[in-house]
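Trainee: Please read through the structure below; I'll follow up with questions.
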Amino acid sequence: MELTVNGSKTYIYTGTHALEPGRTTWLFVHGAGMDHSAWILQSRYFAFHGQNVMAVDLPGHGRSAGEPLGSIEAQADWLAALLDAASVEQAMVVGHSMGSLAAVDFAARYRDRVKGLALVGTGFPMPVAEPLLEATRANDPRGIGMIMNWGISPQSHLGGNQAPGLWIHGQGVRLLEQAAPGVLFTDMNACNAYEAGVARAGEIACPVHFVIGDRDMMTPPKATAALADAVTAPVSRTVLRGCGHMTPLERPNELLDELIAFGARLG
Amino acid sequence: MSSTSGPFSFDTLSLHAGQQPDPATGARATPIYQTTSFVFQDSDQAASLFNGERAGHVYSRISNPTNAVLEERVAALEGGVGAIATASGQAAVHLAVATLMGTGGHIVASHSLYGGTHNLLTYTLPRFGIETTFVDPRDPEAFRNAIRPETRLVFGEVLGNPGLDILDIEAVAQVAHDNGLPLLIDATFTTPYLCRPFDHGADLVYHSATKFLGGHGVAVGGVLVDSGRFDWDASGLFPELTEPYAGFHNMDFTEEYGPSAFLLRARKEGLRDFGACMSPTTAFHLLQGLETLPLRMQRHVDNTRRLVAFLAEHEAVEHVGYPEQPDHPDHGLAARMLPKGCGAVFSFTIKGGREAGRRFTESLNLFSHLANVGDAKSLVIHPASTTHHRMSSEALRAAGISEGMIRLSVGLEDPDDLINDLKRALRASQKEAR
Ligand SMILES: Cc1ncc(COP(=O)(O)O)c(C=O)c1O
């Protein structure tokens, strides 16, 4: 569906269902250069199981107009404006990678808007290697190669996709290629520049569930631990063995199971 | 454009892509999941699988774990987002066409196509309201001029039949894209080892895996691969991909699957409804062949070059048609597009016409006389006395076939043994002619 957020045309995928008042709403926030389609299975599941789904295309991504927001804080503020525009009070927020930082910042600064927080492929700090920053600054396609080479686990590089006949590496590359020039760099820069991760994590009030890939090179388990240790609200975590950073692509079924269980725990 | 193959090289992907040791048993080889169907964990999991809320297998007409390994492997080797294994090469091209158009649709195709594909486009698809205009593959502008408002696909083979005309994929892709159309390539003769059409701008590729991909002449199959790069939304000509599909819970494929939209539609509609799926045992045979694709293709080409050189010098041979020969019209294009070689299927013309051709094929010992290509064993056919034997000299000439034309598919034998076989048969063909 389309909404206007901060004056800009915004697309959210709702799993072919209209948002209904009184239902739990799942807000999915994608990672750098991606869009709502990264969450296709999980969003369809909740939408077809009596819950509201808002899988966003951040400004300048996918089908949403506007320029990409330059900072994690701006993304968090935008999520609040989005919920306002959709008349949704409170949501279960799921963030991947850059989207996980936006979700942390949002949950800390808009506490009453977040019922539970699921963080996927997350960690703090989220430094971006200089060659990757350089390549994305120049819109050099090698940047996309680096993201996917580092982003999925050695196992996933050999394939064995849960989705029949789809080649994970190729899917990721093509999805990132669809991003407009400059988007990937703006996103990388936002991750790199975000400084408030640990401070904000301490301000979160809702339960937080971490889904961790033990072969995640972009947000290694140590960086995830730094973020998780800073959370004073109830924390749970699941480690997916053999999974890298691109959990929605690499392990869509386990990720869905984690979210179903987390949602059930919070009622 | 970025590489979609990942950190591993072609040779490594040929062995590994798509497969991890079997999670259930630890089996190193790809198990043959010879089962029609897959047990549900519970009703909710079943409903979720059916509705595209979970990934997995339901019924082997639509997907199967052994087939999925083959699909991922070919996608990795071609540099695409995924693939669909089909019952044959013909089933693969039909699936591509049927996914992109229905009655009223139109195709612009090279006129140098495999005969079976030519039949499909000329005689069979028109019965279902799909017309084709054939054009000279050497003339990209001819493709442009043949495009109509109802055109939905541009189509050709990397190496045309029978003259091995090379399609300038880059130029024809440009024409297609200028018109919001995808370019489909039959890459059967080259395999991704010799040419990756996506690297040159093609959007869809298919193979008769029956041939070099499998490589051993034991299994009929096809594979349809998607680059994931064509922008169906921007084109605006493909409502099948960009508008809700009532046949699958109003799924909107580009909205929901982005770069994989075409493959999802093809699987959830064409494979489901037309049902031309591959058997898992066939997928296993093809995977076994793919493991040695780079080794085999190199040897196929090395042997072919030896034979081409031998034949070109032979007094009983009028002409050898291989694009690496200086007198082939696509010599320059071959050097640019196919530096590793132009495959292992080629034709030459024997002196003495139909009769000499017949005697030649019947005198060979090592080459098997049959209607196939791309086997590990060397093959031969003389169209004028077999597949085309009812055609007049004039009709043959119109099809680009001369009376003395012999087609070879060069195998992996010792090239000296092959040359000795050719030498003897050439002698026999000429002796009795006098
Ligand atoms: C170039 C080419 N394309 C397609 C096909 C059709 O493939 P299949 O026989 O697997 O249906 C063939 C078969 O001879 C072929 O040679």
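Identifiers in the structure tokens: chain A, B, ... in order shown; residue index from 1 per chain; ligand index from 1 in order shown.
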Counting only C-alpha atoms, which residues from chain A have an atom at most 7 Å from any atom of chain B, and could you show them as a list in words?
Mentor: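 Applying the cut-off to the listed atoms yields Ser37, Ile40, Leu41, Gln42, Arg44, Tyr45, Pro141, Arg142, Ile144, Gly145, Asn149, His157, Leu158, Gly159, Gly160, Gln162, Ala163, Pro164, Gly165, Leu166, Trp167, His169, Gly170, Gln171, Val173, Arg174, Leu175 and Asn253 of chain A.
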Trainee: Hey, can you spit out that residue selection with N, CA and C atoms as a compact mmCIF listing (two decimals), in the first residue's frame?
Mentor:
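Result file is out.txt:
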```txt
# COMPACT_ATOMS: atom_id res chain seq x y z
N SER A 37 11.17 -6.75 -0.13
CA SER A 37 11.10 -8.12 -0.65
C SER A 37 12.03 -9.07 0.11
N ILE A 40 9.93 -11.37 2.35
CA ILE A 40 8.68 -11.79 1.71
C ILE A 40 7.98 -12.94 2.44
N LEU A 41 8.74 -13.96 2.83
CA LEU A 41 8.08 -15.11 3.45
C LEU A 41 7.50 -14.74 4.81
N GLN A 42 8.32 -14.07 5.62
CA GLN A 42 7.85 -13.74 6.97
C GLN A 42 6.65 -12.80 6.91
N ARG A 44 4.45 -12.46 4.46
CA ARG A 44 3.25 -13.18 4.01
C ARG A 44 2.68 -14.03 5.15
N TYR A 45 3.57 -14.66 5.92
CA TYR A 45 3.08 -15.53 6.99
C TYR A 45 2.19 -14.75 7.97
N PRO A 141 30.29 -1.39 -8.92
CA PRO A 141 29.59 -2.66 -8.64
C PRO A 141 30.39 -3.62 -7.77
N ARG A 142 31.70 -3.41 -7.68
CA ARG A 142 32.48 -4.29 -6.80
C ARG A 142 32.03 -4.19 -5.35
N ILE A 144 28.99 -4.15 -4.34
CA ILE A 144 27.93 -5.14 -4.17
C ILE A 144 28.54 -6.54 -4.02
N GLY A 145 29.57 -6.79 -4.83
CA GLY A 145 30.27 -8.08 -4.70
C GLY A 145 30.83 -8.27 -3.30
N ASN A 149 29.88 -11.18 -0.85
CA ASN A 149 30.96 -12.11 -0.50
C ASN A 149 31.13 -12.21 1.01
N HIS A 157 27.43 -19.74 0.41
CA HIS A 157 28.08 -19.50 -0.88
C HIS A 157 28.03 -20.72 -1.77
N LEU A 158 27.84 -21.87 -1.18
CA LEU A 158 27.70 -23.08 -1.99
C LEU A 158 26.24 -23.34 -2.35
N GLY A 159 25.33 -22.60 -1.75
CA GLY A 159 23.92 -22.77 -2.10
C GLY A 159 23.22 -23.72 -1.14
N GLY A 160 22.23 -24.41 -1.67
CA GLY A 160 21.38 -25.21 -0.80
C GLY A 160 20.29 -24.34 -0.22
N GLN A 162 16.84 -22.75 0.89
CA GLN A 162 15.55 -23.31 1.30
C GLN A 162 14.48 -23.03 0.25
N ALA A 163 14.62 -21.93 -0.47
CA ALA A 163 13.68 -21.60 -1.54
C ALA A 163 14.15 -22.31 -2.81
N PRO A 164 13.37 -23.26 -3.32
CA PRO A 164 13.85 -24.14 -4.39
C PRO A 164 14.29 -23.40 -5.64
N GLY A 165 15.52 -23.74 -6.10
CA GLY A 165 15.99 -23.27 -7.39
C GLY A 165 16.52 -21.85 -7.41
N LEU A 166 16.58 -21.19 -6.28
CA LEU A 166 17.10 -19.82 -6.26
C LEU A 166 18.51 -19.81 -5.69
N TRP A 167 19.38 -19.06 -6.35
CA TRP A 167 20.81 -18.99 -6.00
C TRP A 167 21.00 -17.77 -5.10
N HIS A 169 23.42 -16.10 -3.61
CA HIS A 169 24.36 -15.03 -3.95
C HIS A 169 23.81 -14.15 -5.08
N GLY A 170 23.27 -14.80 -6.10
CA GLY A 170 22.72 -14.05 -7.23
C GLY A 170 21.53 -13.20 -6.83
N GLN A 171 20.67 -13.76 -6.00
CA GLN A 171 19.50 -12.99 -5.54
C GLN A 171 19.93 -11.72 -4.84
N VAL A 173 22.83 -10.09 -4.99
CA VAL A 173 23.49 -9.14 -5.89
C VAL A 173 22.45 -8.37 -6.70
N ARG A 174 21.49 -9.08 -7.28
CA ARG A 174 20.51 -8.40 -8.13
C ARG A 174 19.63 -7.44 -7.32
N LEU A 175 19.29 -7.84 -6.10
CA LEU A 175 18.47 -6.96 -5.27
C LEU A 175 19.24 -5.67 -4.99
N ASN A 253 13.23 -19.81 6.85
CA ASN A 253 12.31 -20.61 7.68
C ASN A 253 12.63 -20.50 9.17
```
Trainee: Please return as a VMD selection string the residues found within 8 Å of ligand 1, counting only C-alpha atoms and all ligand atoms.
Mentor: chain B and resid 87 to 92 113 to 117 157 160 to 161 186 to 189 207 to 211 220 to 222 371 to 373
Trainee: Export, as a short mmCIF file (atom, residue, chain, number, x, y, z; two decimals), in the first residue's frame, the selected residues with N, CA and C atoms.
Mentor:
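The resulting file, part_12.cif, is reproduced below:
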```cif
data_model
loop_
_atom_site.label_atom_id
_atom_site.label_comp_id
_atom_site.auth_asym_id
_atom_site.auth_seq_id
_atom_site.Cartn_x
_atom_site.Cartn_y
_atom_site.Cartn_z
N ALA B 87 11.48 -30.96 -18.23
CA ALA B 87 11.53 -32.32 -18.79
C ALA B 87 12.46 -32.44 -19.98
N SER B 88 12.68 -31.35 -20.70
CA SER B 88 13.55 -31.38 -21.89
C SER B 88 13.91 -29.94 -22.23
N GLY B 89 14.78 -29.79 -23.20
CA GLY B 89 15.08 -28.44 -23.69
C GLY B 89 13.84 -27.80 -24.28
N GLN B 90 13.05 -28.60 -24.99
CA GLN B 90 11.82 -28.07 -25.58
C GLN B 90 10.86 -27.58 -24.49
N ALA B 91 10.80 -28.32 -23.38
CA ALA B 91 9.93 -27.90 -22.28
C ALA B 91 10.42 -26.58 -21.68
N ALA B 92 11.73 -26.36 -21.70
CA ALA B 92 12.28 -25.12 -21.14
C ALA B 92 11.89 -23.92 -22.00
N LEU B 113 17.74 -21.66 -36.12
CA LEU B 113 17.42 -22.33 -34.85
C LEU B 113 17.45 -23.83 -35.03
N TYR B 114 17.64 -24.52 -33.92
CA TYR B 114 17.47 -25.97 -33.89
C TYR B 114 16.11 -26.31 -34.52
N GLY B 115 16.08 -27.37 -35.34
CA GLY B 115 14.87 -27.71 -36.10
C GLY B 115 13.63 -27.88 -35.24
N GLY B 116 13.79 -28.48 -34.06
CA GLY B 116 12.64 -28.70 -33.18
C GLY B 116 12.05 -27.38 -32.70
N THR B 117 12.93 -26.43 -32.41
CA THR B 117 12.46 -25.12 -31.97
C THR B 117 11.77 -24.40 -33.14
N GLU B 157 19.91 -18.33 -30.79
CA GLU B 157 20.88 -19.27 -30.25
C GLU B 157 22.26 -18.64 -30.31
N GLY B 160 24.12 -20.66 -34.15
CA GLY B 160 22.94 -21.05 -34.92
C GLY B 160 23.11 -22.37 -35.64
N ASN B 161 21.99 -22.87 -36.11
CA ASN B 161 21.94 -24.14 -36.79
C ASN B 161 21.59 -23.89 -38.27
N ASP B 186 19.14 -19.58 -26.39
CA ASP B 186 19.41 -21.01 -26.30
C ASP B 186 20.92 -21.17 -26.32
N ALA B 187 21.48 -21.59 -25.17
CA ALA B 187 22.94 -21.67 -25.03
C ALA B 187 23.41 -23.12 -24.98
N THR B 188 22.62 -24.02 -25.56
CA THR B 188 22.90 -25.46 -25.50
C THR B 188 24.30 -25.81 -26.01
N PHE B 189 24.70 -25.24 -27.16
CA PHE B 189 25.95 -25.66 -27.81
C PHE B 189 27.19 -25.10 -27.11
N HIS B 207 18.86 -24.24 -21.72
CA HIS B 207 19.71 -25.29 -22.26
C HIS B 207 18.89 -26.53 -22.54
N SER B 208 19.22 -27.21 -23.63
CA SER B 208 18.89 -28.61 -23.69
C SER B 208 20.01 -29.28 -22.90
N ALA B 209 19.72 -29.61 -21.63
CA ALA B 209 20.73 -30.23 -20.76
C ALA B 209 21.05 -31.64 -21.23
N THR B 210 20.20 -32.15 -22.10
CA THR B 210 20.40 -33.42 -22.79
C THR B 210 21.79 -33.49 -23.43
N LYS B 211 22.29 -32.33 -23.82
CA LYS B 211 23.51 -32.24 -24.63
C LYS B 211 24.72 -32.06 -23.72
N VAL B 220 17.46 -36.95 -20.89
CA VAL B 220 16.84 -35.81 -21.58
C VAL B 220 16.37 -34.82 -20.51
N GLY B 221 16.74 -33.57 -20.67
CA GLY B 221 16.31 -32.56 -19.69
C GLY B 221 16.58 -31.16 -20.19
N GLY B 222 16.01 -30.19 -19.51
CA GLY B 222 16.23 -28.79 -19.86
C GLY B 222 16.38 -27.95 -18.60
N ALA B 371 20.90 -39.15 -34.20
CA ALA B 371 20.38 -37.79 -34.17
C ALA B 371 20.50 -37.21 -32.77
N ASN B 372 21.70 -36.80 -32.41
CA ASN B 372 21.91 -36.11 -31.15
C ASN B 372 23.24 -35.39 -31.26
N VAL B 373 23.49 -34.50 -30.31
CA VAL B 373 24.81 -33.88 -30.20
C VAL B 373 25.16 -33.81 -28.72
#
```
Trainee: If we count only C-alpha atoms and set the cut-off at 8 Å, which residues sit around Leu237 (chain B), ignoring sequence neighbours fewer than 2 positions away in its own chain? Please answer as a ChimeraX atom specification.
Mentor: /B:152,180,232,235,239
Trainee: With N, CA, C and O atoms retained, could you export that selection as a CSV table (one decimal), in the first residue's frame?
Mentor:
```csv
chain,number,residue,atom,x,y,z
B,152,ARG,N,6.6,-9.8,-27.4
B,152,ARG,CA,7.0,-10.0,-26.0
B,152,ARG,C,8.3,-10.7,-25.8
B,152,ARG,O,8.7,-10.8,-24.6
B,180,GLY,N,11.8,-2.5,-24.6
B,180,GLY,CA,11.2,-3.0,-23.3
B,180,GLY,C,11.0,-4.5,-23.4
B,180,GLY,O,10.0,-5.0,-22.8
B,232,TRP,N,10.8,-5.8,-15.3
B,232,TRP,CA,9.4,-6.0,-15.9
B,232,TRP,C,8.5,-4.9,-15.6
B,232,TRP,O,7.6,-4.5,-16.4
B,235,SER,N,9.2,-2.1,-18.1
B,235,SER,CA,8.7,-2.4,-19.4
B,235,SER,C,7.2,-2.2,-19.6
B,235,SER,O,6.8,-1.6,-20.6
B,239,PRO,N,1.9,-7.9,-17.7
B,239,PRO,CA,1.0,-7.9,-16.6
B,239,PRO,C,1.0,-9.2,-15.8
B,239,PRO,O,0.7,-9.3,-14.6
```
Trainee: Which of these residues is nearest to Ala86 (chain A), using only C-alpha atoms: A:Pro234, A:Gly242, A:Gly50, A:Pro21?
Mentor: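 Closest residue, counting only C-alpha atoms: A:Pro21.
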Trainee: Give me the residues near Ile401 (chain B) as a compact mmCIF listing (two decimals) with N, CA and C atoms, in the first residue's frame, where near means some atom within 9 Å (using only C-alpha atoms) and where sequence neighbours in that chain fewer than 3 positions away do not count.
Mentor:
```txt
# COMPACT_ATOMS: atom_id res chain seq x y z
N PRO B 162 22.27 -24.51 -39.23
CA PRO B 162 23.40 -25.43 -39.09
C PRO B 162 24.75 -24.75 -39.31
N GLY B 163 24.75 -23.45 -39.64
CA GLY B 163 25.99 -22.81 -40.09
C GLY B 163 26.84 -22.23 -38.97
N PRO B 383 22.55 -35.02 -42.93
CA PRO B 383 21.14 -34.62 -43.04
C PRO B 383 20.50 -35.02 -44.36
N ALA B 384 21.22 -34.88 -45.49
CA ALA B 384 20.60 -35.11 -46.80
C ALA B 384 20.17 -36.56 -46.99
N SER B 393 17.04 -30.88 -53.60
CA SER B 393 18.29 -30.11 -53.47
C SER B 393 17.99 -28.65 -53.21
N ALA B 395 15.25 -27.29 -51.81
CA ALA B 395 14.73 -27.08 -50.45
C ALA B 395 15.86 -27.18 -49.43
N LEU B 396 16.77 -28.11 -49.67
CA LEU B 396 17.92 -28.25 -48.78
C LEU B 396 18.73 -26.96 -48.77
N ARG B 397 18.98 -26.45 -49.97
CA ARG B 397 19.80 -25.25 -50.06
C ARG B 397 19.14 -24.09 -49.31
N ALA B 398 17.81 -24.00 -49.44
CA ALA B 398 17.09 -22.92 -48.74
C ALA B 398 17.25 -23.04 -47.23
N GLY B 404 26.18 -32.63 -49.60
CA GLY B 404 27.33 -33.33 -49.02
C GLY B 404 27.63 -32.89 -47.60
N MET B 405 26.71 -32.18 -46.97
CA MET B 405 26.99 -31.65 -45.64
C MET B 405 26.91 -32.73 -44.56
```
Trainee: Tell me which of B:Leu100, B:Leu338, B:Val345, B:Ala176 sits closest to Thr242 (chain B), counting only C-alpha atoms.
Mentor: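 Closest candidate: B:Leu100.
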Trainee: Got a sec to tell me which of region 50-262 of chain B DSSP assigns to helix (DSSP H, G or I), as a count of residues only?
Mentor: 87
Trainee: Near Glu195 (chain A), counting only C-alpha atoms, which residues have an atom at most 10 Å away, once you skip same-chain residues fewer than 5 positions from it, shown as a list in words?
Mentor: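 Everything that qualifies: Ile72, Phe124, Pro125, Met126, Ala190 and Arg200 of chain A.
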Trainee: When DSSP works through the backbone of this structure, what residues of region 44-86 of chain A end up as strand (DSSP E), shown as a list of chain:residue names?
Mentor: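 Matching residues, listed in order: A:Asn52, A:Val53, A:Met54, A:Ala55, A:Val56.
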Trainee: Quick one: write out the picked residues with C-alpha atoms as a compact mmCIF listing (two decimals), in the first residue's frame?
Mentor:
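Written file, part.txt:
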```
# COMPACT_ATOMS: atom_id res chain seq x y z
CA ASN A 52 -0.89 -6.63 10.34
CA VAL A 53 2.31 -6.40 8.33
CA MET A 54 4.20 -3.30 7.33
CA ALA A 55 7.35 -4.28 5.44
CA VAL A 56 8.72 -0.89 4.55
```
Trainee: Could you give me, as a ChimeraX atom specification, the residues within 8 Å of His382 (chain B), counting only C-alpha atoms and dropping anything in the same chain fewer than 4 positions from it?
Mentor: /B:357-358,361,386-387,404-407
Trainee: Hey, which of A:Ile260, A:Ala81, A:Ala18, A:Ile212 ends up closest to Cys243 (chain A)? Count only C-alpha atoms.
Mentor: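 Among the listed residues, A:Ile212 lies closest to Cys243 (chain A).
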Trainee: Which residues come within 8 Å of Pro137 (chain B), counting only C-alpha atoms, excluding same-chain residues fewer than 4 positions away, as a ChimeraX atom specification?
Mentor: /B:110-112,156,165-168
Trainee: Using only C-alpha atoms, which of the listed residues (A:His49, A:His36, A:Arg109, A:Lys115) sits closest to Gln90 (chain A)?
Mentor: A:Lys115
Trainee: Can you work out which one of B:Met297, B:Ala425, B:Ala283, B:Ala98 has the shortest atom-to-atom distance to Val410 (chain B), counting only C-alpha atoms?
Mentor: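 Smallest separation from Val410 (chain B) among the options: B:Met297.
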